[in-house]
Amino acid sequence: MPAQRQAELWAERTPTGFLFDIKLHRYLSHHATEPDALPTDLREEADVDSRGHVARDPELQRELARRMREAMTPLAEAGKRSAFLLQLTPGFSPRRNRLSELDPILEELEPVAVEFRHRGWVEGERRDEVLGYLRERGAVFVGVDAQPAEHFTILPPLDSITDARLAYLRCHGRNLDGYLRGRTVAERFDYDYPDGELEELADRARVLADEAEQVHVMFNNNARDYAPKAARRMLLALGEPSG
C-alpha cells in the first residue's frame, strides 16, 4: 500500500499529461495474502485462515480500497490519476465466487478496470452477466491479448466497452509454454511482439477508440525490455509520436 507522500513524488516527477493506472492490493484481487502485506494497524484485527492467509472480509476490502483512494489523492489533484486496475486471481472463479464480492471495491473506487483471469466469466450466458454488472457500476472491462489456448486461465480476445470514459486492453504476450510452466514473472511473460501482432493490437485499439473517450493499451510482456519496446512500436503503428 503506497504512502500518500509517494504519490506526491510521482505527481511532481512526471510531465504534464502523464497518467497513472494503479494496480490494486493483492488482497483486493483475491490473491492469497499474508498478514504482513496489510497496513500495520490492520494486521492484528484481521482474521487468518488455517493456511495463515488473511480471511475474506468485505469490510477489510472496503477499508483497503478507501485507503488506496486517499493515498492517491495527490495524483487525482494533479489530474494524473486514471483507473485502478483490479487484476483478479484465476482462483476467483464462477464456481466458487460471486460478482457481488467485488461490490466493496467498486463502491469505494472509480473507475476500476477489472481483469478477469478465469475464462469461465466470459463464456456463454455468463459473459452478458459480467458485462452488465460492470456497466451498472461504471467499471471498465479489461480485454486481454494472450496465448491462444483453451486453458481456464487464458481469456479469449474479447473487447467490450462498459464505461464510455475508458477502454482497456492489456497485453501479456503469447508465450504459451512460458505462461503455463514458467516459475518467474519474467519466464511467464517472456515474449517479444512481432510487428504483425502489434498491428492486430492497433486494430483492436482503433475499434475501441470509436466508442470510448480514452483507450489504454498496457504491455505486461515484462521480460527484459520487451514491454517498453512494444509500447513504442505500438505508438508508431497508431501513427502517434513515439518519443
# chains A, B, ... in the order shown; residues from 1 in each chain; ligands from 1
>>> closest_atom_pairs(of="stretch 50-153 of chain A", to="stretch 170-180 of chain A", cutoff="8 Å", atoms="only C-alpha atoms", output="CSV")
residue,atom,partner,partner_atom,distance
A:Val142,CA,A:Arg170,CA,6.8
A:Gly143,CA,A:Arg170,CA,6.2
A:Val144,CA,A:Arg170,CA,4.8
A:Asp145,CA,A:Cys171,CA,4.6
A:Ala146,CA,A:Arg174,CA,5.1
A:Gln147,CA,A:Arg174,CA,4.0
A:Pro148,CA,A:Arg174,CA,7.3
A:Ala149,CA,A:Leu176,CA,7.8
>>> write_last_selection(atoms="C-alpha atoms", output="PDB file, in the first residue's frame")
ATOM      1  CA  VAL A 142     -10.208  -5.276 -19.360  1.00  0.00           C
ATOM      2  CA  GLY A 143      -9.696  -7.040 -22.667  1.00  0.00           C
ATOM      3  CA  VAL A 144      -6.532  -9.076 -22.940  1.00  0.00           C
ATOM      4  CA  ASP A 145      -4.119 -10.292 -25.547  1.00  0.00           C
ATOM      5  CA  ALA A 146      -2.699 -13.632 -24.541  1.00  0.00           C
ATOM      6  CA  GLN A 147      -1.674 -17.033 -25.801  1.00  0.00           C
ATOM      7  CA  PRO A 148      -4.432 -18.689 -27.885  1.00  0.00           C
ATOM      8  CA  ALA A 149      -5.404 -21.742 -25.855  1.00  0.00           C
TER       9      ALA A 149
END
>>> residues_around(residues="stretch 37-47 of chain A", least_positions_apart="4", cutoff="8 Å", atoms="only C-alpha atoms", output="VMD selection string")
chain A and resid 1 33 54 to 55 60
>>> write_last_selection(atoms="C-alpha atoms", output="PDB file, in the first residue's frame")
ATOM      1  CA  MET A   1       0.000   0.000   0.000  1.00  0.00           C
ATOM      2  CA  THR A  33      -2.398 -12.594   1.370  1.00  0.00           C
ATOM      3  CA  VAL A  54      -5.998 -13.284   5.708  1.00  0.00           C
ATOM      4  CA  ALA A  55      -9.630 -14.412   5.555  1.00  0.00           C
ATOM      5  CA  LEU A  60     -11.455  -5.106   5.159  1.00  0.00           C
TER       6      LEU A  60
END
>>> residues_around(residues="A:Arg66", least_positions_apart="5", cutoff="12 Å", atoms="only C-alpha atoms", output="list in words")
Met1, Leu24, His25, Leu28, Glu59, Leu60, Gln61, Ala71, Met72, Thr73, Pro104, Ile105, Leu106, Glu107, Glu108, Leu109 and Glu110 of chain A
>>> residues_around(residues="A:Val122", least_positions_apart="2", cutoff="12 Å", atoms="only C-alpha atoms", output="ChimeraX atom specification")
/A:93-94,115-120,124-132,141-144,152-160
>>> write_last_selection(atoms="N, CA and C atoms", output="PDB file, in the first residue's frame")
ATOM      1  N   SER A  93     -13.307 -17.662  -9.379  1.00  0.00           N
ATOM      2  CA  SER A  93     -13.972 -18.407 -10.448  1.00  0.00           C
ATOM      3  C   SER A  93     -15.487 -18.341 -10.297  1.00  0.00           C
ATOM      4  N   PRO A  94     -16.241 -18.556 -11.398  1.00  0.00           N
ATOM      5  CA  PRO A  94     -17.703 -18.546 -11.310  1.00  0.00           C
ATOM      6  C   PRO A  94     -18.251 -19.639 -10.405  1.00  0.00           C
ATOM      7  N   GLU A 115      -9.861  -6.976 -14.564  1.00  0.00           N
ATOM      8  CA  GLU A 115      -9.318  -8.025 -15.434  1.00  0.00           C
ATOM      9  C   GLU A 115      -9.626  -9.385 -14.827  1.00  0.00           C
ATOM     10  N   PHE A 116     -10.526 -10.108 -15.474  1.00  0.00           N
ATOM     11  CA  PHE A 116     -10.819 -11.473 -15.054  1.00  0.00           C
ATOM     12  C   PHE A 116      -9.753 -12.398 -15.625  1.00  0.00           C
ATOM     13  N   ARG A 117      -9.369 -13.398 -14.840  1.00  0.00           N
ATOM     14  CA  ARG A 117      -8.337 -14.325 -15.291  1.00  0.00           C
ATOM     15  C   ARG A 117      -8.811 -15.778 -15.240  1.00  0.00           C
ATOM     16  N   HIS A 118     -10.110 -15.955 -15.119  1.00  0.00           N
ATOM     17  CA  HIS A 118     -10.734 -17.277 -15.273  1.00  0.00           C
ATOM     18  C   HIS A 118     -11.722 -17.151 -16.428  1.00  0.00           C
ATOM     19  N   ARG A 119     -11.490 -17.903 -17.505  1.00  0.00           N
ATOM     20  CA  ARG A 119     -12.268 -17.705 -18.729  1.00  0.00           C
ATOM     21  C   ARG A 119     -13.740 -18.046 -18.549  1.00  0.00           C
ATOM     22  N   GLY A 120     -14.088 -18.752 -17.465  1.00  0.00           N
ATOM     23  CA  GLY A 120     -15.489 -19.048 -17.223  1.00  0.00           C
ATOM     24  C   GLY A 120     -16.357 -17.807 -17.088  1.00  0.00           C
ATOM     25  N   GLY A 124     -20.303 -18.188 -22.696  1.00  0.00           N
ATOM     26  CA  GLY A 124     -21.740 -18.412 -22.682  1.00  0.00           C
ATOM     27  C   GLY A 124     -22.535 -17.237 -22.154  1.00  0.00           C
ATOM     28  N   GLU A 125     -23.631 -17.544 -21.474  1.00  0.00           N
ATOM     29  CA  GLU A 125     -24.525 -16.508 -20.968  1.00  0.00           C
ATOM     30  C   GLU A 125     -23.885 -15.676 -19.861  1.00  0.00           C
ATOM     31  N   ARG A 126     -22.889 -16.248 -19.186  1.00  0.00           N
ATOM     32  CA  ARG A 126     -22.265 -15.509 -18.083  1.00  0.00           C
ATOM     33  C   ARG A 126     -21.557 -14.250 -18.586  1.00  0.00           C
ATOM     34  N   ARG A 127     -21.099 -14.252 -19.821  1.00  0.00           N
ATOM     35  CA  ARG A 127     -20.419 -13.068 -20.355  1.00  0.00           C
ATOM     36  C   ARG A 127     -21.327 -11.848 -20.282  1.00  0.00           C
ATOM     37  N   ASP A 128     -22.587 -11.988 -20.699  1.00  0.00           N
ATOM     38  CA  ASP A 128     -23.510 -10.854 -20.655  1.00  0.00           C
ATOM     39  C   ASP A 128     -23.770 -10.415 -19.222  1.00  0.00           C
ATOM     40  N   GLU A 129     -23.817 -11.384 -18.307  1.00  0.00           N
ATOM     41  CA  GLU A 129     -23.998 -11.047 -16.894  1.00  0.00           C
ATOM     42  C   GLU A 129     -22.837 -10.208 -16.382  1.00  0.00           C
ATOM     43  N   VAL A 130     -21.617 -10.604 -16.727  1.00  0.00           N
ATOM     44  CA  VAL A 130     -20.419  -9.883 -16.274  1.00  0.00           C
ATOM     45  C   VAL A 130     -20.388  -8.479 -16.857  1.00  0.00           C
ATOM     46  N   LEU A 131     -20.599  -8.360 -18.153  1.00  0.00           N
ATOM     47  CA  LEU A 131     -20.536  -7.047 -18.788  1.00  0.00           C
ATOM     48  C   LEU A 131     -21.639  -6.131 -18.266  1.00  0.00           C
ATOM     49  N   GLY A 132     -22.824  -6.691 -18.033  1.00  0.00           N
ATOM     50  CA  GLY A 132     -23.915  -5.899 -17.469  1.00  0.00           C
ATOM     51  C   GLY A 132     -23.607  -5.428 -16.055  1.00  0.00           C
ATOM     52  N   PHE A 141     -14.265  -3.040 -18.311  1.00  0.00           N
ATOM     53  CA  PHE A 141     -13.844  -4.398 -18.647  1.00  0.00           C
ATOM     54  C   PHE A 141     -12.465  -4.356 -19.289  1.00  0.00           C
ATOM     55  N   VAL A 142     -11.563  -5.210 -18.812  1.00  0.00           N
ATOM     56  CA  VAL A 142     -10.208  -5.276 -19.360  1.00  0.00           C
ATOM     57  C   VAL A 142     -10.141  -6.407 -20.378  1.00  0.00           C
ATOM     58  N   GLY A 143      -9.976  -6.048 -21.649  1.00  0.00           N
ATOM     59  CA  GLY A 143      -9.696  -7.040 -22.667  1.00  0.00           C
ATOM     60  C   GLY A 143      -8.232  -7.418 -22.614  1.00  0.00           C
ATOM     61  N   VAL A 144      -7.912  -8.628 -23.020  1.00  0.00           N
ATOM     62  CA  VAL A 144      -6.532  -9.076 -22.940  1.00  0.00           C
ATOM     63  C   VAL A 144      -6.066  -9.613 -24.292  1.00  0.00           C
ATOM     64  N   PHE A 152      -8.045 -22.693 -18.674  1.00  0.00           N
ATOM     65  CA  PHE A 152      -9.026 -21.861 -17.966  1.00  0.00           C
ATOM     66  C   PHE A 152      -8.469 -20.508 -17.543  1.00  0.00           C
ATOM     67  N   THR A 153      -7.132 -20.368 -17.456  1.00  0.00           N
ATOM     68  CA  THR A 153      -6.555 -19.093 -17.042  1.00  0.00           C
ATOM     69  C   THR A 153      -6.323 -18.138 -18.216  1.00  0.00           C
ATOM     70  N   ILE A 154      -6.624 -18.566 -19.424  1.00  0.00           N
ATOM     71  CA  ILE A 154      -6.348 -17.761 -20.611  1.00  0.00           C
ATOM     72  C   ILE A 154      -7.658 -17.309 -21.229  1.00  0.00           C
ATOM     73  N   LEU A 155      -7.877 -16.014 -21.258  1.00  0.00           N
ATOM     74  CA  LEU A 155      -9.121 -15.474 -21.795  1.00  0.00           C
ATOM     75  C   LEU A 155      -9.045 -15.319 -23.307  1.00  0.00           C
ATOM     76  N   PRO A 156     -10.187 -15.455 -23.990  1.00  0.00           N
ATOM     77  CA  PRO A 156     -10.230 -15.194 -25.430  1.00  0.00           C
ATOM     78  C   PRO A 156     -10.096 -13.700 -25.703  1.00  0.00           C
ATOM     79  N   PRO A 157      -9.826 -13.313 -26.945  1.00  0.00           N
ATOM     80  CA  PRO A 157      -9.659 -11.889 -27.285  1.00  0.00           C
ATOM     81  C   PRO A 157     -10.989 -11.153 -27.355  1.00  0.00           C
ATOM     82  N   LEU A 158     -11.565 -10.897 -26.207  1.00  0.00           N
ATOM     83  CA  LEU A 158     -12.859 -10.214 -26.121  1.00  0.00           C
ATOM     84  C   LEU A 158     -12.651  -8.759 -25.743  1.00  0.00           C
ATOM     85  N   ASP A 159     -13.245  -7.855 -26.508  1.00  0.00           N
ATOM     86  CA  ASP A 159     -13.211  -6.431 -26.189  1.00  0.00           C
ATOM     87  C   ASP A 159     -14.639  -5.957 -25.955  1.00  0.00           C
ATOM     88  N   SER A 160     -14.829  -5.129 -24.948  1.00  0.00           N
ATOM     89  CA  SER A 160     -16.148  -4.572 -24.678  1.00  0.00           C
ATOM     90  C   SER A 160     -15.992  -3.269 -23.920  1.00  0.00           C
TER      91      SER A 160
END
>>> select_by_dssp(residues="stretch 110-192 of chain A", states="helix (DSSP H, G or I)", output="number ranges by chain")
A: 119-122, 125-136, 176-181, 185-188
>>> closest_residue(among="A:Ala11, A:Val48, A:Leu235, A:Val114", to="A:Leu166", atoms="only C-alpha atoms")
A:Val114
>>> closest_residue(among="A:Asp192, A:Asp21, A:Glu70, A:Asp49", to="A:Val217", atoms="only C-alpha atoms")
A:Asp21
>>> closest_residue(among="A:Tyr191, A:Tyr27, A:Tyr168, A:Phe84", to="A:Pro58", atoms="only C-alpha atoms")
A:Tyr27
